$ cat entry_31.cif   # mmCIF, N, CA and C atoms
data_work
#
loop_
_atom_site.group_PDB
_atom_site.id
_atom_site.type_symbol
_atom_site.label_atom_id
_atom_site.label_comp_id
_atom_site.auth_asym_id
_atom_site.auth_seq_id
_atom_site.Cartn_x
_atom_site.Cartn_y
_atom_site.Cartn_z
ATOM 1 N N MET C 1 -5.668 12.744 14.566
ATOM 2 C CA MET C 1 -4.240 12.886 14.792
ATOM 3 C C MET C 1 -4.013 14.078 15.707
ATOM 4 N N GLN C 2 -3.456 13.801 16.872
ATOM 5 C CA GLN C 2 -3.284 14.872 17.836
ATOM 6 C C GLN C 2 -1.917 15.549 17.702
ATOM 7 N N SER C 3 -0.869 14.786 17.753
ATOM 8 C CA SER C 3 0.443 15.403 17.867
ATOM 9 C C SER C 3 1.138 15.478 16.504
ATOM 10 N N THR C 4 2.165 16.281 16.466
ATOM 11 C CA THR C 4 2.971 16.435 15.265
ATOM 12 C C THR C 4 3.693 15.141 14.925
ATOM 13 N N LYS C 5 4.100 14.407 15.949
ATOM 14 C CA LYS C 5 4.787 13.140 15.723
ATOM 15 C C LYS C 5 3.879 12.144 15.009
ATOM 16 N N GLU C 6 2.610 12.089 15.388
ATOM 17 C CA GLU C 6 1.657 11.202 14.735
ATOM 18 C C GLU C 6 1.409 11.623 13.293
ATOM 19 N N LYS C 7 1.342 12.925 13.038
ATOM 20 C CA LYS C 7 1.150 13.407 11.674
ATOM 21 C C LYS C 7 2.338 13.047 10.797
ATOM 22 N N ILE C 8 3.539 13.238 11.330
ATOM 23 C CA ILE C 8 4.748 12.922 10.566
ATOM 24 C C ILE C 8 4.815 11.438 10.264
ATOM 25 N N SER C 9 4.511 10.594 11.244
ATOM 26 C CA SER C 9 4.570 9.150 11.011
ATOM 27 C C SER C 9 3.484 8.707 10.026
ATOM 28 N N PHE C 10 2.322 9.362 10.034
ATOM 29 C CA PHE C 10 1.265 9.029 9.084
ATOM 30 C C PHE C 10 1.705 9.358 7.659
ATOM 31 N N TYR C 11 2.227 10.555 7.462
ATOM 32 C CA TYR C 11 2.668 10.948 6.125
ATOM 33 C C TYR C 11 3.891 10.150 5.682
ATOM 34 N N LEU C 12 4.728 9.773 6.614
ATOM 35 C CA LEU C 12 5.880 8.944 6.279
ATOM 36 C C LEU C 12 5.435 7.557 5.830
ATOM 37 N N SER C 13 4.434 6.994 6.482
ATOM 38 C CA SER C 13 3.931 5.687 6.051
ATOM 39 C C SER C 13 3.274 5.777 4.675
ATOM 40 N N ALA C 14 2.601 6.874 4.374
ATOM 41 C CA ALA C 14 2.030 7.071 3.036
ATOM 42 C C ALA C 14 3.142 7.185 1.995
ATOM 43 N N PHE C 15 4.224 7.875 2.315
ATOM 44 C CA PHE C 15 5.359 8.003 1.404
ATOM 45 C C PHE C 15 6.020 6.650 1.161
ATOM 46 N N VAL C 16 6.194 5.865 2.208
ATOM 47 C CA VAL C 16 6.810 4.543 2.065
ATOM 48 C C VAL C 16 5.904 3.641 1.228
ATOM 49 N N TYR C 17 4.585 3.771 1.388
ATOM 50 C CA TYR C 17 3.640 3.023 0.549
ATOM 51 C C TYR C 17 3.862 3.355 -0.923
ATOM 52 N N LEU C 18 3.970 4.645 -1.234
ATOM 53 C CA LEU C 18 4.222 5.043 -2.622
ATOM 54 C C LEU C 18 5.589 4.576 -3.096
ATOM 55 N N LEU C 19 6.574 4.613 -2.236
ATOM 56 C CA LEU C 19 7.921 4.185 -2.596
ATOM 57 C C LEU C 19 7.970 2.696 -2.919
ATOM 58 N N PHE C 20 7.274 1.874 -2.148
ATOM 59 C CA PHE C 20 7.282 0.437 -2.398
ATOM 60 C C PHE C 20 6.457 0.061 -3.622
ATOM 61 N N ASN C 21 5.556 0.935 -4.047
ATOM 62 C CA ASN C 21 4.777 0.677 -5.255
ATOM 63 C C ASN C 21 5.326 1.420 -6.465
ATOM 64 N N LEU C 22 6.461 2.050 -6.321
ATOM 65 C CA LEU C 22 7.097 2.780 -7.420
ATOM 66 C C LEU C 22 7.606 1.790 -8.460
ATOM 67 N N ARG C 23 7.279 2.024 -9.712
ATOM 68 C CA ARG C 23 7.769 1.207 -10.813
ATOM 69 C C ARG C 23 8.502 2.117 -11.774
ATOM 70 N N LEU C 24 9.750 1.805 -12.026
ATOM 71 C CA LEU C 24 10.600 2.657 -12.837
ATOM 72 C C LEU C 24 10.431 2.368 -14.320
ATOM 73 N N ALA C 25 10.548 3.418 -15.122
ATOM 74 C CA ALA C 25 10.511 3.319 -16.573
ATOM 75 C C ALA C 25 11.637 4.199 -17.116
ATOM 76 N N GLN C 26 11.686 4.357 -18.422
ATOM 77 C CA GLN C 26 12.779 5.113 -19.024
ATOM 78 C C GLN C 26 12.644 6.614 -18.820
ATOM 79 N N ASP C 27 11.434 7.110 -18.702
ATOM 80 C CA ASP C 27 11.234 8.541 -18.489
ATOM 81 C C ASP C 27 10.256 8.764 -17.334
ATOM 82 N N LEU C 28 10.086 10.016 -16.967
ATOM 83 C CA LEU C 28 9.235 10.353 -15.827
ATOM 84 C C LEU C 28 7.770 10.020 -16.082
ATOM 85 N N GLY C 29 7.306 10.275 -17.289
ATOM 86 C CA GLY C 29 5.918 9.964 -17.621
ATOM 87 C C GLY C 29 5.639 8.475 -17.551
ATOM 88 N N GLY C 30 6.566 7.679 -18.053
ATOM 89 C CA GLY C 30 6.418 6.228 -17.991
ATOM 90 C C GLY C 30 6.455 5.719 -16.566
ATOM 91 N N THR C 31 7.306 6.321 -15.746
ATOM 92 C CA THR C 31 7.374 5.941 -14.339
ATOM 93 C C THR C 31 6.066 6.265 -13.630
ATOM 94 N N CYS C 32 5.504 7.441 -13.902
ATOM 95 C CA CYS C 32 4.228 7.819 -13.280
ATOM 96 C C CYS C 32 3.108 6.885 -13.722
ATOM 97 N N ARG C 33 3.056 6.552 -15.021
ATOM 98 C CA ARG C 33 2.021 5.643 -15.518
ATOM 99 C C ARG C 33 2.172 4.251 -14.919
ATOM 100 N N ALA C 34 3.401 3.734 -14.875
ATOM 101 C CA ALA C 34 3.630 2.390 -14.335
ATOM 102 C C ALA C 34 3.306 2.341 -12.840
ATOM 103 N N THR C 35 3.669 3.376 -12.107
ATOM 104 C CA THR C 35 3.363 3.426 -10.680
ATOM 105 C C THR C 35 1.857 3.520 -10.457
ATOM 106 N N PHE C 36 1.192 4.354 -11.240
ATOM 107 C CA PHE C 36 -0.267 4.483 -11.119
ATOM 108 C C PHE C 36 -0.952 3.156 -11.435
ATOM 109 N N MET C 37 -0.501 2.457 -12.470
ATOM 110 C CA MET C 37 -1.085 1.165 -12.814
ATOM 111 C C MET C 37 -0.821 0.133 -11.718
ATOM 112 N N GLN C 38 0.354 0.172 -11.116
ATOM 113 C CA GLN C 38 0.669 -0.741 -10.025
ATOM 114 C C GLN C 38 -0.278 -0.520 -8.845
ATOM 115 N N ILE C 39 -0.469 0.728 -8.473
ATOM 116 C CA ILE C 39 -1.366 1.036 -7.355
ATOM 117 C C ILE C 39 -2.804 0.684 -7.725
ATOM 118 N N LEU C 40 -3.201 0.957 -8.962
ATOM 119 C CA LEU C 40 -4.550 0.649 -9.417
ATOM 120 C C LEU C 40 -4.817 -0.853 -9.420
ATOM 121 N N GLN C 41 -3.816 -1.654 -9.751
ATOM 122 C CA GLN C 41 -3.993 -3.104 -9.791
ATOM 123 C C GLN C 41 -3.989 -3.734 -8.403
ATOM 124 N N THR C 42 -3.233 -3.188 -7.479
ATOM 125 C CA THR C 42 -3.118 -3.806 -6.160
ATOM 126 C C THR C 42 -4.086 -3.229 -5.133
ATOM 127 N N ALA C 43 -4.597 -2.037 -5.356
ATOM 128 C CA ALA C 43 -5.459 -1.387 -4.361
ATOM 129 C C ALA C 43 -6.713 -2.193 -4.011
ATOM 130 N N PRO C 44 -7.399 -2.819 -4.976
ATOM 131 C CA PRO C 44 -8.581 -3.607 -4.569
ATOM 132 C C PRO C 44 -8.247 -4.759 -3.633
ATOM 133 N N TYR C 45 -7.143 -5.450 -3.879
ATOM 134 C CA TYR C 45 -6.742 -6.550 -3.011
ATOM 135 C C TYR C 45 -6.339 -6.042 -1.628
ATOM 136 N N VAL C 46 -5.576 -4.975 -1.622
ATOM 137 C CA VAL C 46 -5.128 -4.399 -0.349
ATOM 138 C C VAL C 46 -6.323 -3.880 0.442
ATOM 139 N N ALA C 47 -7.256 -3.230 -0.229
ATOM 140 C CA ALA C 47 -8.449 -2.720 0.456
ATOM 141 C C ALA C 47 -9.295 -3.868 1.005
ATOM 142 N N GLY C 48 -9.406 -4.949 0.259
ATOM 143 C CA GLY C 48 -10.182 -6.093 0.731
ATOM 144 C C GLY C 48 -9.578 -6.746 1.957
ATOM 145 N N VAL C 49 -8.267 -6.954 1.930
ATOM 146 C CA VAL C 49 -7.592 -7.544 3.085
ATOM 147 C C VAL C 49 -7.685 -6.604 4.283
ATOM 148 N N THR C 50 -7.545 -5.311 4.033
ATOM 149 C CA THR C 50 -7.658 -4.324 5.105
ATOM 150 C C THR C 50 -9.060 -4.340 5.704
ATOM 151 N N TRP C 51 -10.071 -4.422 4.860
ATOM 152 C CA TRP C 51 -11.456 -4.448 5.334
ATOM 153 C C TRP C 51 -11.704 -5.659 6.234
ATOM 154 N N VAL C 52 -11.212 -6.834 5.802
ATOM 155 C CA VAL C 52 -11.391 -8.047 6.603
ATOM 156 C C VAL C 52 -10.657 -7.909 7.937
ATOM 157 N N LEU C 53 -9.439 -7.383 7.904
ATOM 158 C CA LEU C 53 -8.663 -7.215 9.131
ATOM 159 C C LEU C 53 -9.329 -6.227 10.089
ATOM 160 N N ILE C 54 -9.849 -5.135 9.554
ATOM 161 C CA ILE C 54 -10.536 -4.148 10.393
ATOM 162 C C ILE C 54 -11.802 -4.746 10.990
ATOM 163 N N ALA C 55 -12.549 -5.504 10.194
ATOM 164 C CA ALA C 55 -13.756 -6.143 10.710
ATOM 165 C C ALA C 55 -13.410 -7.113 11.839
ATOM 166 N N PHE C 56 -12.337 -7.871 11.672
ATOM 167 C CA PHE C 56 -11.908 -8.798 12.709
ATOM 168 C C PHE C 56 -11.484 -8.056 13.973
ATOM 169 N N LEU C 57 -10.702 -6.983 13.811
ATOM 170 C CA LEU C 57 -10.242 -6.224 14.974
ATOM 171 C C LEU C 57 -11.405 -5.556 15.710
ATOM 172 N N GLN C 58 -12.384 -5.049 14.961
ATOM 173 C CA GLN C 58 -13.542 -4.442 15.605
ATOM 174 C C GLN C 58 -14.398 -5.493 16.303
ATOM 175 N N TYR C 59 -14.477 -6.672 15.736
ATOM 176 C CA TYR C 59 -15.209 -7.756 16.390
ATOM 177 C C TYR C 59 -14.528 -8.132 17.703
ATOM 178 N N MET C 60 -13.203 -8.200 17.682
ATOM 179 C CA MET C 60 -12.456 -8.550 18.888
ATOM 180 C C MET C 60 -12.532 -7.444 19.937
ATOM 181 N N ALA C 61 -12.750 -6.203 19.502
ATOM 182 C CA ALA C 61 -12.862 -5.073 20.426
ATOM 183 C C ALA C 61 -14.315 -4.807 20.810
ATOM 184 N N GLU C 62 -15.168 -5.802 20.631
ATOM 185 C CA GLU C 62 -16.581 -5.729 21.010
ATOM 186 C C GLU C 62 -17.330 -4.609 20.299
ATOM 187 N N GLY C 63 -17.036 -4.411 19.035
ATOM 188 C CA GLY C 63 -17.783 -3.475 18.216
ATOM 189 C C GLY C 63 -17.308 -2.042 18.227
ATOM 190 N N ARG C 64 -16.279 -1.741 18.986
ATOM 191 C CA ARG C 64 -15.775 -0.361 18.990
ATOM 192 C C ARG C 64 -15.140 -0.047 17.639
ATOM 193 N N LYS C 65 -15.467 1.096 17.093
ATOM 194 C CA LYS C 65 -14.968 1.495 15.779
ATOM 195 C C LYS C 65 -13.514 1.946 15.850
ATOM 196 N N MET C 66 -12.791 1.650 14.775
ATOM 197 C CA MET C 66 -11.407 2.119 14.659
ATOM 198 C C MET C 66 -11.398 3.528 14.081
ATOM 199 N N LEU C 67 -10.399 4.291 14.439
ATOM 200 C CA LEU C 67 -10.234 5.625 13.869
ATOM 201 C C LEU C 67 -9.822 5.506 12.407
ATOM 202 N N TRP C 68 -10.199 6.515 11.614
ATOM 203 C CA TRP C 68 -9.852 6.499 10.197
ATOM 204 C C TRP C 68 -8.353 6.496 9.999
ATOM 205 N N GLU C 69 -7.632 7.181 10.860
ATOM 206 C CA GLU C 69 -6.170 7.212 10.753
ATOM 207 C C GLU C 69 -5.595 5.801 10.894
ATOM 208 N N ARG C 70 -6.108 5.037 11.823
ATOM 209 C CA ARG C 70 -5.639 3.658 12.032
ATOM 210 C C ARG C 70 -5.985 2.781 10.840
ATOM 211 N N ARG C 71 -7.150 3.015 10.262
ATOM 212 C CA ARG C 71 -7.543 2.245 9.079
ATOM 213 C C ARG C 71 -6.592 2.513 7.920
ATOM 214 N N PHE C 72 -6.242 3.773 7.701
ATOM 215 C CA PHE C 72 -5.308 4.101 6.629
ATOM 216 C C PHE C 72 -3.916 3.546 6.918
ATOM 217 N N ARG C 73 -3.514 3.552 8.168
ATOM 218 C CA ARG C 73 -2.210 2.976 8.514
ATOM 219 C C ARG C 73 -2.169 1.483 8.215
ATOM 220 N N LEU C 74 -3.260 0.772 8.518
ATOM 221 C CA LEU C 74 -3.330 -0.645 8.163
ATOM 222 C C LEU C 74 -3.291 -0.832 6.647
ATOM 223 N N PHE C 75 -4.017 0.019 5.914
ATOM 224 C CA PHE C 75 -3.998 -0.045 4.453
ATOM 225 C C PHE C 75 -2.581 0.162 3.927
ATOM 226 N N PHE C 76 -1.879 1.158 4.456
ATOM 227 C CA PHE C 76 -0.513 1.414 4.009
ATOM 228 C C PHE C 76 0.407 0.243 4.324
ATOM 229 N N MET C 77 0.256 -0.349 5.510
ATOM 230 C CA MET C 77 1.105 -1.469 5.896
ATOM 231 C C MET C 77 0.898 -2.665 4.970
ATOM 232 N N ILE C 78 -0.352 -3.013 4.710
ATOM 233 C CA ILE C 78 -0.633 -4.137 3.824
ATOM 234 C C ILE C 78 -0.209 -3.802 2.398
ATOM 235 N N GLY C 79 -0.376 -2.549 1.990
ATOM 236 C CA GLY C 79 0.060 -2.119 0.664
ATOM 237 C C GLY C 79 1.566 -2.163 0.498
ATOM 238 N N ILE C 80 2.303 -1.860 1.546
ATOM 239 C CA ILE C 80 3.764 -1.940 1.493
ATOM 240 C C ILE C 80 4.201 -3.390 1.310
ATOM 241 N N ILE C 81 3.568 -4.293 2.040
ATOM 242 C CA ILE C 81 3.910 -5.712 1.918
ATOM 243 C C ILE C 81 3.562 -6.218 0.518
ATOM 244 N N ALA C 82 2.382 -5.860 0.015
ATOM 245 C CA ALA C 82 1.978 -6.283 -1.331
ATOM 246 C C ALA C 82 2.908 -5.687 -2.386
ATOM 247 N N GLY C 83 3.268 -4.419 -2.236
ATOM 248 C CA GLY C 83 4.187 -3.789 -3.176
ATOM 249 C C GLY C 83 5.548 -4.459 -3.190
ATOM 250 N N LEU C 84 6.024 -4.867 -2.033
ATOM 251 C CA LEU C 84 7.303 -5.566 -1.945
ATOM 252 C C LEU C 84 7.238 -6.904 -2.667
ATOM 253 N N PHE C 85 6.180 -7.681 -2.419
ATOM 254 C CA PHE C 85 6.058 -8.986 -3.068
ATOM 255 C C PHE C 85 5.921 -8.855 -4.581
ATOM 256 N N PHE C 86 5.122 -7.887 -5.052
ATOM 257 C CA PHE C 86 4.979 -7.690 -6.483
ATOM 258 C C PHE C 86 6.287 -7.215 -7.121
ATOM 259 N N ALA C 87 7.031 -6.382 -6.422
ATOM 260 C CA ALA C 87 8.311 -5.916 -6.959
ATOM 261 C C ALA C 87 9.302 -7.070 -7.082
ATOM 262 N N ILE C 88 9.362 -7.924 -6.078
ATOM 263 C CA ILE C 88 10.244 -9.087 -6.156
ATOM 264 C C ILE C 88 9.820 -9.976 -7.317
ATOM 265 N N TYR C 89 8.526 -10.175 -7.475
ATOM 266 C CA TYR C 89 8.003 -11.004 -8.561
ATOM 267 C C TYR C 89 8.371 -10.418 -9.925
ATOM 268 N N GLU C 90 8.183 -9.109 -10.096
ATOM 269 C CA GLU C 90 8.457 -8.477 -11.377
ATOM 270 C C GLU C 90 9.950 -8.367 -11.676
ATOM 271 N N TYR C 91 10.729 -7.963 -10.693
ATOM 272 C CA TYR C 91 12.137 -7.730 -10.937
ATOM 273 C C TYR C 91 12.943 -9.029 -11.000
ATOM 274 N N ALA C 92 12.346 -10.151 -10.590
ATOM 275 C CA ALA C 92 13.014 -11.434 -10.717
ATOM 276 C C ALA C 92 12.914 -11.974 -12.134
ATOM 277 N N GLY C 93 12.160 -11.291 -12.992
ATOM 278 C CA GLY C 93 12.033 -11.710 -14.373
ATOM 279 C C GLY C 93 10.823 -12.559 -14.638
ATOM 280 N N VAL C 94 9.984 -12.796 -13.665
ATOM 281 C CA VAL C 94 8.815 -13.642 -13.829
ATOM 282 C C VAL C 94 7.598 -12.800 -14.218
ATOM 283 N N GLY C 95 7.570 -11.579 -13.760
ATOM 284 C CA GLY C 95 6.391 -10.734 -13.949
ATOM 285 C C GLY C 95 6.264 -10.193 -15.348
ATOM 286 N N VAL C 96 5.174 -9.485 -15.582
ATOM 287 C CA VAL C 96 4.849 -8.940 -16.893
ATOM 288 C C VAL C 96 5.801 -7.812 -17.265
ATOM 289 N N GLY C 97 6.294 -7.084 -16.293
ATOM 290 C CA GLY C 97 7.121 -5.915 -16.558
ATOM 291 C C GLY C 97 8.475 -6.231 -17.201
ATOM 292 N N MET C 98 8.959 -7.425 -17.054
ATOM 293 C CA MET C 98 10.258 -7.812 -17.595
ATOM 294 C C MET C 98 10.074 -8.532 -18.924
ATOM 295 N N GLN C 99 10.917 -8.200 -19.897
ATOM 296 C CA GLN C 99 10.868 -8.886 -21.185
ATOM 297 C C GLN C 99 12.132 -9.675 -21.367
ATOM 298 N N GLN C 100 12.002 -10.855 -21.931
ATOM 299 C CA GLN C 100 13.148 -11.760 -22.110
ATOM 300 C C GLN C 100 13.957 -11.364 -23.322
#
$ encode --input "entry_31.cif" --output "structure tokens"
Amino acid sequence: MQSTKEKISFYLSAFVYLLFNLRLAQDLGGTCRATFMQILQTAPYVAGVTWVLIAFLQYMAEGRKMLWERRFRLFFMIGIIAGLFFAIYEYAGVGVGMQQ
């Protein structure tokens, strides 16, 4: 990361990743536990999809390696999308987090 703008956008994407995986509970401890469990449950899938995407992009770029910053940005992007879909699933009343 060279410039301040790139650093800010990197940390902002990490914050948005955490925001989209935020799961609310009645107290702060419950919110932290639910958010941690959400990230723990989705991280393997997000990492796997990211790994496949990075492998494909490196293959298309004739073997040139991607920077670690770009890899994390892809991870955050896929994690934001996964967090959004899981939140819609849970908050619609279908997921485990909602009780009838």
$ resolve_selection --input "entry_31.cif" --expression "the PyMOL selection byres (((chain C and resi 87 and name CA) around 12) and name CA)" --output "PyMOL selection string"
chain C and resi 19-24+35+38-39+42+79-86+88-98
$ atom_distance --input "entry_31.cif" --atom1 "CA of Glu6 in chain C" --atom2 "CA of Tyr59 in chain C"
25.4 Å
$ closest_residue --input "entry_31.cif" --among "C:Arg70, C:Phe36, C:Ile78, C:Leu18" --to "Val49 in chain C" --atoms "all atoms listed in the file"
C:Ile78
$ select_by_dssp --input "entry_31.cif" --residues "chain C" --states "helix (DSSP H, G or I)" --output "VMD selection string"
chain C and resid 4 to 20 28 to 60 68 to 91
$ closest_residue --input "entry_31.cif" --among "C:Thr31, C:Gln41, C:Gln26, C:Gln2" --to "Glu69 in chain C" --atoms "only C-alpha atoms"
C:Gln2
$ resolve_selection --input "entry_31.cif" --expression "the PyMOL selection byres (((chain C and resi 10 and name CA) around 12) and name CA)" --output "list of chain:residue names"
C:Met1, C:Gln2, C:Ser3, C:Thr4, C:Lys5, C:Glu6, C:Lys7, C:Ile8, C:Ser9, C:Tyr11, C:Leu12, C:Ser13, C:Ala14, C:Phe15, C:Val16, C:Tyr17, C:Trp68, C:Glu69, C:Arg70, C:Arg71, C:Phe72, C:Arg73, C:Leu74, C:Phe75, C:Phe76, C:Met77
$ atom_distance --input "entry_31.cif" --atom1 "CA of Ala47 in chain C" --atom2 "atom N of Met66 in chain C"
15.6 Å
$ atom_distance --input "entry_31.cif" --atom1 "CA of Ala55 in chain C" --atom2 "CA of Met37 in chain C"
27.7 Å
$ axis_aligned_box --input "entry_31.cif" --around "range 23-42 of chain C" --padding-each-side "3 Å" --output "JSON"
{"center_x": 4.0, "center_y": 3.3, "center_z": -12.1, "size_x": 23.6, "size_y": 20.2, "size_z": 19.9}
